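Contents: one structure, followed by commentary.
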Amino acid sequence: MTPHEHDGSQTVSVNPQDGARSGLRADVIQFIYKTLVITELDVRKLRHDPTEIFMRVVQPALWLLVFGQVMSQLRAIPTGDLRYLDFMAPGILAQSVLFIAIFSGITVIWERDLGIIHKFLASPTPRAALVTGKALSAGVRALSQGVIIYVLALLLGVQVNWNPLALIGTLLAVLLGAALFATFSLIIACLVKTRERFMGIGQLMTMPLFFASNAIYPIAIMPDWLKVIARVNPLSYQVDILRSLMLGLPSATNLLVDFGVLIAFTIVLIWIGARLYPEAAI
Amino acid sequence: MTIIETHDLTRRFGTFTAVDTLNITVNEGEIFGLLGPNGAGKSTSIKMFTTLLPPTSGEALVAGYSITRQSAAVRRAIGYVPQLLSADGTLTGYENLLIFAKLYDIPSRGREARIQDALDFMGLGEVANQSVRTYSGGMIRRLEIAQSMLHRPRLLFLDEPTVGLDPSARRAVWENVREMCREYQMTILLTTHLMEEADSLCSRIAIMHLGQVAVLGTPDELKQSIGRENATMDDVFIHYAGTGLESGGTYRDASRARRVANRVR
């Protein structure tokens with residue numbers, strides 16, 4: 001069953017007589033505006049109840065303080081001239097972004113049970129804007145992780161690169177990564193429709209995505225079959241950007257390629273999500 | 001003037017026909033009641049009218065637009081209050097309205113006035129900046145109706161607007177609904193399980209049974225139609241849909257309904 005109509009295209013243009021081009025422009029403006037409204041909704045919620053953000057400090061702190069410190073002593077993972085703690089800090093940032101995003105789809109199921117989703121779908125909001133707004137909201141939550149990891153990294157003596165351009169790049173990579181995995185999560189939520197199944201699948205996805213990436217060890221030391229998975233895993237590309245920009249190192253692949261892969265994945269997932277989202281209301 | 005017009009509107013789920021070749025018209029300016037037991041097809045019909053669900057076959061014109069080919073235009077012309085609780089408890093009443101004012105493209109110049117107007121209309125002005133979590137069930141319902149009328153829709157869908165409310169809260173909602181219809185010339189289509197609600201609010205009523213309209217008319221016409229003296233709407237309902245009372249409603253419906261009832265209490 002497919003939703004009978006994708007709606008963004010039908011938005012009335014501001015000046016109907018201006019023809020197709022202004023129609024398209026109005027569609028794009030409408031899409032961006034509505035996306036930001038959906039994000040605003042989530043930011044307002046977060047402002048009223050920020051406990052979630054503070055709770056999220058614990059996990060990355062444990063990884064860096066316990067796992068990172070211990071593995072640094074062992075020197076078991078070959079990271080070249082780089083201290084292991086420095087090597088893994090960007091990986092842990094990517095991991096905490098992933099964890100925030102991959103479970104964010106649960107709100108779809110929650111909103112579906114409450115009936116909120118029906119009200120949004122019956123409003124003149126393009127489906128793609130509803131989905132992208134949610135993706136961006138996950139990005140905003142993920143940014144808080146960025147701040148936490150940078151603070152922890154400073155405390156642990158990680159050699160952080162403070163170049164403003166690199167910081168902006170890091171911010172973009174965090175937003176993109178969160179949007180990508182949040183939309184993936186939304187798609188799963190639309191398909192499975194119950195909380196229990198969703199949590200099960202979420203757990204099932206997180207660890208393979210994390211371990212089959214370059215987050216806490218280089219791809220070079222992986223067995224060949226795992227290398228293949230790591231190369232198609234978008235998380236690896238996000239980690240590559242973060243490692244390069246956060247530490248001021250050359251990228252293992254190419255930053256343009258990395259960003260390109262993340263953007264392409266995100267667009268495709270949002271496209272699928274916008275088609276599946278109305279199904280959640282049925 | 002008709003505002004809803006259906007032509008053999010049908011929706012199947014697998015082998016189950018939820019709405020079966022429905023043909024009804026709703027006139028502009030009336031409060032139209034859609035009644036029927038669980039599973040009779042009321043909610044499925046509303047979901048099709050509000051473009052949440054595509055029909056399997058047939059067609060409906062809502063506010064002059066086709067639900068299958070012009071769904072975006074339909075969505076701009078209507079307001080919808082789902083049966084379940086749809087206001088956001090984390091936000092304040094004002095914020096709930098603000099977000100929807102933006103989603104419905106109410107220009108920023110008139111936005112504040114429109115929101116204030118809706119708050120006053122629903123008697124929520126004093127609690128506007130409180131978290132919705134602190135609201136009573138009746139206040140939440142009124143806020144949800146306020147959200148759905150911000151853009152002055154020509155047609156408003158209310159799915160079980162008073163489910164779970166105590167009698168005084170219920171009456172307050174009825175009063176608001178009547179006033180909205182009067183003041184803004186809004187057409188209202190509502191579903192309900194309460195015969196008293198249908199009787200006192202609706203100008204016309206359709207009783208649905210097994211996906212079809214069993215009978216349609218004004219409350220008085222319906223009461224006369226069963227040929228019993230002093231008949232009530234309860235009698236009418238049992239007469240036309242009585243056998244179906246326990247036939248529908250899934251586990252999910254029941255659990256949802258109870259959850260809503262719990263939350264608004």
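Chains: A, B, ... in order of the structure tokens. Residues: from 1 per chain. Ligands: from 1, in order shown.
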Name the residues of stretch 147-190 of chain B that come out as alpha helix (DSSP H) in a backbone DSSP run; write them as a list in words.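 For stretch 147-190 of chain B, the alpha helix (DSSP H) set is Gln147, Ser148, Met149, Pro167, Ser168, Ala169, Arg170, Arg171, Ala172, Val173, Trp174, Glu175, Asn176, Val177, Arg178, Glu179, Met180, Cys181, Arg182, Glu183 and Tyr184 of chain B.
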Include N, CA and C atoms and write out the residues we just selected as a short mmCIF file (atom, residue, chain, number, x, y, z; two decimals), in the first residue's frame.
data_model
loop_
_atom_site.label_atom_id
_atom_site.label_comp_id
_atom_site.auth_asym_id
_atom_site.auth_seq_id
_atom_site.Cartn_x
_atom_site.Cartn_y
_atom_site.Cartn_z
N GLN B 147 -6.71 24.66 18.49
CA GLN B 147 -5.63 24.42 17.52
C GLN B 147 -6.18 24.21 16.12
N SER B 148 -7.27 23.46 16.05
CA SER B 148 -7.76 23.07 14.73
C SER B 148 -8.60 24.16 14.06
N MET B 149 -8.94 25.22 14.80
CA MET B 149 -9.77 26.27 14.17
C MET B 149 -9.00 27.56 13.95
N PRO B 167 -19.64 15.27 32.77
CA PRO B 167 -20.77 15.97 32.15
C PRO B 167 -20.58 17.48 32.03
N SER B 168 -19.97 18.13 33.02
CA SER B 168 -19.88 19.59 32.91
C SER B 168 -18.84 19.98 31.86
N ALA B 169 -17.73 19.25 31.81
CA ALA B 169 -16.71 19.52 30.78
C ALA B 169 -17.30 19.27 29.40
N ARG B 170 -18.12 18.22 29.32
CA ARG B 170 -18.76 17.87 28.06
C ARG B 170 -19.64 19.01 27.57
N ARG B 171 -20.43 19.54 28.50
CA ARG B 171 -21.34 20.63 28.13
C ARG B 171 -20.56 21.86 27.67
N ALA B 172 -19.44 22.13 28.32
CA ALA B 172 -18.62 23.29 27.92
C ALA B 172 -18.14 23.10 26.48
N VAL B 173 -17.72 21.87 26.14
CA VAL B 173 -17.26 21.60 24.78
C VAL B 173 -18.42 21.77 23.79
N TRP B 174 -19.59 21.27 24.16
CA TRP B 174 -20.76 21.41 23.26
C TRP B 174 -21.03 22.87 22.98
N GLU B 175 -20.99 23.67 24.04
CA GLU B 175 -21.28 25.09 23.88
C GLU B 175 -20.30 25.73 22.90
N ASN B 176 -19.00 25.37 23.06
CA ASN B 176 -17.98 25.88 22.14
C ASN B 176 -18.25 25.46 20.70
N VAL B 177 -18.64 24.23 20.53
CA VAL B 177 -18.88 23.71 19.18
C VAL B 177 -20.03 24.48 18.52
N ARG B 178 -21.12 24.65 19.29
CA ARG B 178 -22.28 25.39 18.76
C ARG B 178 -21.88 26.82 18.36
N GLU B 179 -21.11 27.44 19.25
CA GLU B 179 -20.74 28.83 19.03
C GLU B 179 -19.84 28.97 17.81
N MET B 180 -18.93 28.01 17.66
CA MET B 180 -18.02 28.03 16.52
C MET B 180 -18.79 27.97 15.23
N CYS B 181 -19.75 27.06 15.22
CA CYS B 181 -20.57 26.88 14.03
C CYS B 181 -21.31 28.18 13.71
N ARG B 182 -21.82 28.82 14.76
CA ARG B 182 -22.57 30.07 14.57
C ARG B 182 -21.65 31.21 14.15
N GLU B 183 -20.63 31.44 14.96
CA GLU B 183 -19.81 32.63 14.79
C GLU B 183 -18.96 32.59 13.53
N TYR B 184 -18.38 31.43 13.22
CA TYR B 184 -17.47 31.35 12.07
C TYR B 184 -18.09 30.63 10.88
#
Please, which residues of chain B lie no more than 8 Å from chain A when the count uses only C-alpha atoms, and can they be set out as a VMD selection string? chain B and resid 50 to 54 68 to 73 75 to 76 79 to 88 90 to 91 99 102 to 104 256
Based on the selection just made, write C-alpha atoms of those residues as a PDB file, in the first residue's frame.
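Resulting contents of out-v5.pdb:
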ATOM      1  CA  THR B  50      -9.059  14.077   6.157  1.00  0.00           C
ATOM      2  CA  THR B  51      -6.777  12.396   3.563  1.00  0.00           C
ATOM      3  CA  LEU B  52      -5.046  10.197   6.134  1.00  0.00           C
ATOM      4  CA  LEU B  53      -6.235   7.100   4.329  1.00  0.00           C
ATOM      5  CA  PRO B  54      -6.723   6.636   0.593  1.00  0.00           C
ATOM      6  CA  THR B  68      -7.582  11.456  -3.968  1.00  0.00           C
ATOM      7  CA  ARG B  69      -6.321  14.025  -6.443  1.00  0.00           C
ATOM      8  CA  GLN B  70      -6.266  17.271  -4.428  1.00  0.00           C
ATOM      9  CA  SER B  71      -5.410  16.092  -0.957  1.00  0.00           C
ATOM     10  CA  ALA B  72      -3.128  19.048  -0.205  1.00  0.00           C
ATOM     11  CA  ALA B  73      -5.980  21.467  -0.965  1.00  0.00           C
ATOM     12  CA  ARG B  75      -5.885  19.632   4.095  1.00  0.00           C
ATOM     13  CA  ARG B  76      -5.741  23.407   3.859  1.00  0.00           C
ATOM     14  CA  GLY B  79      -9.506  21.243  10.642  1.00  0.00           C
ATOM     15  CA  TYR B  80      -9.226  17.928  12.440  1.00  0.00           C
ATOM     16  CA  VAL B  81      -9.334  16.937  16.092  1.00  0.00           C
ATOM     17  CA  PRO B  82      -8.457  13.271  16.440  1.00  0.00           C
ATOM     18  CA  GLN B  83     -10.172  11.137  19.028  1.00  0.00           C
ATOM     19  CA  LEU B  84      -6.935  10.524  20.868  1.00  0.00           C
ATOM     20  CA  LEU B  85      -5.178  13.174  22.888  1.00  0.00           C
ATOM     21  CA  SER B  86      -3.221  15.225  20.429  1.00  0.00           C
ATOM     22  CA  ALA B  87      -2.090  18.317  22.359  1.00  0.00           C
ATOM     23  CA  ASP B  88       1.528  18.208  23.434  1.00  0.00           C
ATOM     24  CA  THR B  90       5.350  19.152  27.414  1.00  0.00           C
ATOM     25  CA  LEU B  91       4.471  22.491  25.863  1.00  0.00           C
ATOM     26  CA  ILE B  99       3.201  25.722  16.309  1.00  0.00           C
ATOM     27  CA  LYS B 102       2.770  28.292  11.796  1.00  0.00           C
ATOM     28  CA  LEU B 103       1.968  24.909  10.268  1.00  0.00           C
ATOM     29  CA  TYR B 104      -1.270  26.377   8.902  1.00  0.00           C
ATOM     30  CA  ARG B 256      -6.354   3.309  23.219  1.00  0.00           C
TER      31      ARG B 256
END
Near A:Leu143, within 8 Å and counting only C-alpha atoms, which residues show up once chain neighbours fewer than 2 positions away are dropped, as a VMD selection string? chain A and resid 139 to 141 145 to 147 171 174 to 175
Can you write just those residues out, C-alpha atoms, as a PDB file, in the first residue's frame?
ATOM      1  CA  GLY A 139      20.558  16.794  15.096  1.00  0.00           C
ATOM      2  CA  VAL A 140      19.908  19.474  17.714  1.00  0.00           C
ATOM      3  CA  ARG A 141      19.925  16.859  20.460  1.00  0.00           C
ATOM      4  CA  GLN A 145      26.720  15.508  22.703  1.00  0.00           C
ATOM      5  CA  GLY A 146      29.283  17.391  20.689  1.00  0.00           C
ATOM      6  CA  VAL A 147      29.661  19.923  23.483  1.00  0.00           C
ATOM      7  CA  LEU A 171      28.957  20.620  13.670  1.00  0.00           C
ATOM      8  CA  VAL A 174      27.133  15.794  13.715  1.00  0.00           C
ATOM      9  CA  LEU A 175      23.894  17.279  12.314  1.00  0.00           C
TER      10      LEU A 175
END
Go through A:Ile148, A:Leu167, A:Ile109, A:Ile92 and flag the residue nearest A:Leu247, using only C-alpha atoms for the distances.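 Comparing A:Ile148, A:Leu167, A:Ile109, A:Ile92 against A:Leu247, the winner is A:Leu167.
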Who sits within 12 Å of A:Trp271, only C-alpha atoms, same chain under 6 positions skipped, as a PyMOL selection string: chain A and resi 6+8+126-132+180+183-184+186-187+264-265+277
Residues near A:Met55, cut-off 12 Å, only C-alpha atoms, skip fewer than 3 positions along chain, as number ranges by chain: A: 49-52, 58-61, 96, 100, 141, 144-145, 148
All residues 12 Å or closer to A:Pro90, only C-alpha atoms, same chain fewer than 6 positions away omitted, as an mmCIF file with C-alpha atoms, in the first residue's frame:
data_model
loop_
_atom_site.group_PDB
_atom_site.id
_atom_site.type_symbol
_atom_site.label_atom_id
_atom_site.label_comp_id
_atom_site.auth_asym_id
_atom_site.auth_seq_id
_atom_site.Cartn_x
_atom_site.Cartn_y
_atom_site.Cartn_z
ATOM 1 C CA PRO A 60 30.144 8.814 26.326
ATOM 2 C CA TRP A 63 33.494 5.119 27.122
ATOM 3 C CA LEU A 64 36.147 7.793 27.189
ATOM 4 C CA GLY A 68 39.515 4.796 26.464
ATOM 5 C CA TYR A 84 44.511 5.880 21.431
ATOM 6 C CA SER A 96 26.731 8.999 20.932
ATOM 7 C CA VAL A 97 25.183 10.755 17.949
ATOM 8 C CA GLN A 145 26.720 15.508 22.703
ATOM 9 C CA GLY A 146 29.283 17.391 20.689
ATOM 10 C CA ILE A 148 29.985 17.174 26.094
ATOM 11 C CA ILE A 149 32.603 15.244 24.131
ATOM 12 C CA TYR A 150 34.650 18.375 23.490
ATOM 13 C CA LEU A 152 35.630 15.620 28.112
ATOM 14 C CA ALA A 153 38.297 15.606 25.427
ATOM 15 C CA VAL A 158 43.084 15.258 23.708
ATOM 16 C CA GLN A 159 44.798 17.501 21.138
ATOM 17 C CA VAL A 160 41.653 19.229 19.854
ATOM 18 C CA ASN A 161 41.798 21.316 16.697
ATOM 19 C CA THR A 170 32.300 19.029 12.894
ATOM 20 C CA ALA A 173 28.911 16.266 10.381
ATOM 21 C CA VAL A 174 27.133 15.794 13.715
ATOM 22 C CA ASN A 214 36.180 2.835 12.246
ATOM 23 C CA ALA A 215 34.867 4.386 15.486
ATOM 24 C CA ILE A 216 37.133 2.632 17.980
ATOM 25 C CA TYR A 217 39.648 0.850 15.756
ATOM 26 C CA LEU A 235 29.004 5.788 10.300
ATOM 27 C CA SER A 236 32.553 5.206 9.024
ATOM 28 C CA TYR A 237 32.278 8.286 6.828
ATOM 29 C CA GLN A 238 30.995 10.371 9.698
ATOM 30 C CA VAL A 239 33.829 9.166 11.938
ATOM 31 C CA ASP A 240 36.336 9.973 9.217
ATOM 32 C CA ILE A 241 35.115 13.574 9.054
ATOM 33 C CA LEU A 242 35.050 13.955 12.821
ATOM 34 C CA ARG A 243 38.508 12.421 13.276
ATOM 35 C CA SER A 244 39.988 14.591 10.590
ATOM 36 C CA LEU A 245 38.379 17.846 11.731
ATOM 37 C CA MET A 246 38.395 17.342 15.483
ATOM 38 C CA LEU A 247 42.060 16.392 15.589
ATOM 39 C CA GLY A 248 43.276 18.344 12.576
ATOM 40 C CA LEU A 249 44.478 15.267 10.679
#
Enter the distance from atom CA of A:Asn233 to atom CA of A:Ser137, in Å, rounded to one decimal.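 Those two atoms sit 22.5 Å apart.
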Gap from atom CA of A:Gly202 to atom CA of A:Ala142 - Å, one decimal: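 We find that atom CA of A:Gly202 and atom CA of A:Ala142 lie 17.3 Å from each other.
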Pick from B:Arg141, B:Phe100, B:Thr44, B:Lys223 nearest to B:Asp20, counting only C-alpha atoms: B:Thr44
Name all residues at most 9 Å from stretch 204-220 of chain B (count only C-alpha atoms; drop same-chain ones fewer than 2 positions away) and give them as a ChimeraX atom specification. /B:10-11,17-24,26,30-37,39-42,45,198-200,202,222-225,233,237,240-241,244
Could you pull out the strand (DSSP E) residues of stretch 48-229 of chain B from DSSP and send them as number ranges by chain? B: 57-62, 65-66, 78-81, 155-159, 187-192, 204-209, 212-217
Take the residues from that selection and write them out as a compact mmCIF listing (two decimals), in the first residue's frame, keeping N, CA, C and O atoms.
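See selection.txt below for the written result:
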# COMPACT_ATOMS: atom_id res chain seq x y z
N SER B 57 -11.77 2.32 -3.37
CA SER B 57 -12.44 2.76 -4.60
C SER B 57 -13.45 3.83 -4.24
O SER B 57 -13.70 4.09 -3.07
N GLY B 58 -14.03 4.44 -5.25
CA GLY B 58 -14.97 5.53 -5.01
C GLY B 58 -14.22 6.84 -4.80
O GLY B 58 -13.00 6.91 -4.94
N GLU B 59 -14.99 7.87 -4.49
CA GLU B 59 -14.39 9.21 -4.42
C GLU B 59 -15.18 10.06 -3.42
O GLU B 59 -16.33 9.75 -3.12
N ALA B 60 -14.54 11.07 -2.90
CA ALA B 60 -15.24 12.03 -2.07
C ALA B 60 -14.72 13.42 -2.38
O ALA B 60 -13.54 13.60 -2.65
N LEU B 61 -15.63 14.38 -2.38
CA LEU B 61 -15.26 15.78 -2.53
C LEU B 61 -15.43 16.44 -1.16
O LEU B 61 -16.51 16.41 -0.58
N VAL B 62 -14.33 16.99 -0.66
CA VAL B 62 -14.37 17.66 0.64
C VAL B 62 -14.02 19.12 0.41
O VAL B 62 -12.95 19.42 -0.14
N TYR B 65 -12.86 19.79 -3.03
CA TYR B 65 -11.65 19.17 -3.58
C TYR B 65 -11.72 17.65 -3.47
O TYR B 65 -12.27 17.11 -2.51
N SER B 66 -11.11 17.01 -4.44
CA SER B 66 -11.08 15.55 -4.43
C SER B 66 -10.08 15.05 -3.39
O SER B 66 -8.94 15.52 -3.34
N ILE B 78 -9.56 22.15 5.81
CA ILE B 78 -10.22 21.49 6.95
C ILE B 78 -9.45 21.66 8.25
O ILE B 78 -8.28 22.02 8.26
N GLY B 79 -10.15 21.39 9.34
CA GLY B 79 -9.51 21.24 10.64
C GLY B 79 -9.86 19.86 11.16
O GLY B 79 -10.90 19.31 10.79
N TYR B 80 -8.99 19.30 12.00
CA TYR B 80 -9.23 17.93 12.44
C TYR B 80 -8.79 17.75 13.89
O TYR B 80 -7.66 18.08 14.25
N VAL B 81 -9.69 17.27 14.71
CA VAL B 81 -9.33 16.94 16.09
C VAL B 81 -9.48 15.43 16.26
O VAL B 81 -10.60 14.92 16.27
N LEU B 155 -14.49 23.56 7.33
CA LEU B 155 -15.05 22.29 7.77
C LEU B 155 -14.16 21.73 8.88
O LEU B 155 -12.94 21.69 8.75
N LEU B 156 -14.80 21.33 9.97
CA LEU B 156 -14.04 20.82 11.11
C LEU B 156 -14.49 19.39 11.43
O LEU B 156 -15.69 19.12 11.53
N PHE B 157 -13.52 18.49 11.56
CA PHE B 157 -13.82 17.11 11.92
C PHE B 157 -13.50 16.89 13.39
O PHE B 157 -12.37 17.12 13.83
N LEU B 158 -14.49 16.46 14.15
CA LEU B 158 -14.26 16.16 15.56
C LEU B 158 -14.55 14.68 15.78
O LEU B 158 -15.69 14.24 15.64
N ASP B 159 -13.51 13.92 16.10
CA ASP B 159 -13.69 12.49 16.30
C ASP B 159 -13.88 12.23 17.79
O ASP B 159 -12.94 12.37 18.57
N THR B 187 -18.73 24.37 9.18
CA THR B 187 -19.47 23.10 9.16
C THR B 187 -18.72 22.14 10.07
O THR B 187 -17.50 22.12 10.07
N ILE B 188 -19.47 21.37 10.86
CA ILE B 188 -18.80 20.44 11.77
C ILE B 188 -19.31 19.04 11.54
O ILE B 188 -20.52 18.80 11.48
N LEU B 189 -18.37 18.11 11.36
CA LEU B 189 -18.74 16.71 11.28
C LEU B 189 -18.14 16.04 12.49
O LEU B 189 -16.94 16.10 12.71
N LEU B 190 -19.00 15.43 13.31
CA LEU B 190 -18.46 14.79 14.50
C LEU B 190 -18.93 13.35 14.61
O LEU B 190 -19.98 12.98 14.08
N THR B 191 -18.12 12.54 15.26
CA THR B 191 -18.55 11.19 15.59
C THR B 191 -18.74 11.15 17.09
O THR B 191 -18.10 11.89 17.83
N THR B 192 -19.63 10.31 17.53
CA THR B 192 -19.83 10.19 18.97
C THR B 192 -20.48 8.85 19.30
O THR B 192 -21.10 8.21 18.45
N ARG B 204 -28.20 17.04 11.64
CA ARG B 204 -28.54 15.78 10.97
C ARG B 204 -27.61 14.68 11.45
O ARG B 204 -26.47 14.96 11.81
N ILE B 205 -28.10 13.47 11.39
CA ILE B 205 -27.34 12.34 11.90
C ILE B 205 -27.38 11.20 10.89
O ILE B 205 -28.43 10.91 10.31
N ALA B 206 -26.22 10.57 10.70
CA ALA B 206 -26.21 9.33 9.92
C ALA B 206 -25.76 8.22 10.87
O ALA B 206 -24.75 8.36 11.55
N ILE B 207 -26.53 7.16 10.93
CA ILE B 207 -26.11 6.01 11.74
C ILE B 207 -25.48 5.00 10.80
O ILE B 207 -26.11 4.55 9.83
N MET B 208 -24.23 4.68 11.06
CA MET B 208 -23.52 3.72 10.20
C MET B 208 -23.57 2.35 10.83
O MET B 208 -23.54 2.19 12.05
N HIS B 209 -23.62 1.36 9.97
CA HIS B 209 -23.62 -0.02 10.44
C HIS B 209 -22.97 -0.86 9.36
O HIS B 209 -23.36 -0.79 8.19
N GLN B 212 -21.93 0.88 6.12
CA GLN B 212 -22.91 1.59 5.30
C GLN B 212 -23.78 2.49 6.17
O GLN B 212 -23.84 2.31 7.38
N VAL B 213 -24.45 3.44 5.51
CA VAL B 213 -25.38 4.28 6.27
C VAL B 213 -26.69 3.52 6.44
O VAL B 213 -27.36 3.19 5.47
N ALA B 214 -27.04 3.23 7.71
CA ALA B 214 -28.28 2.50 7.96
C ALA B 214 -29.46 3.46 7.87
O ALA B 214 -30.52 3.09 7.39
N VAL B 215 -29.27 4.69 8.32
CA VAL B 215 -30.35 5.67 8.27
C VAL B 215 -29.75 7.07 8.39
O VAL B 215 -28.69 7.24 8.98
N LEU B 216 -30.43 8.06 7.80
CA LEU B 216 -29.93 9.42 7.84
C LEU B 216 -31.10 10.39 7.98
O LEU B 216 -32.11 10.23 7.30
N GLY B 217 -30.98 11.35 8.89
CA GLY B 217 -32.06 12.33 9.03
C GLY B 217 -31.81 13.24 10.21
O GLY B 217 -30.77 13.15 10.88
To one decimal place, how far is atom CA of A:Gly105 from atom CA of A:Ala135 in Å?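 Between these atoms lies a distance of 9.4 Å.
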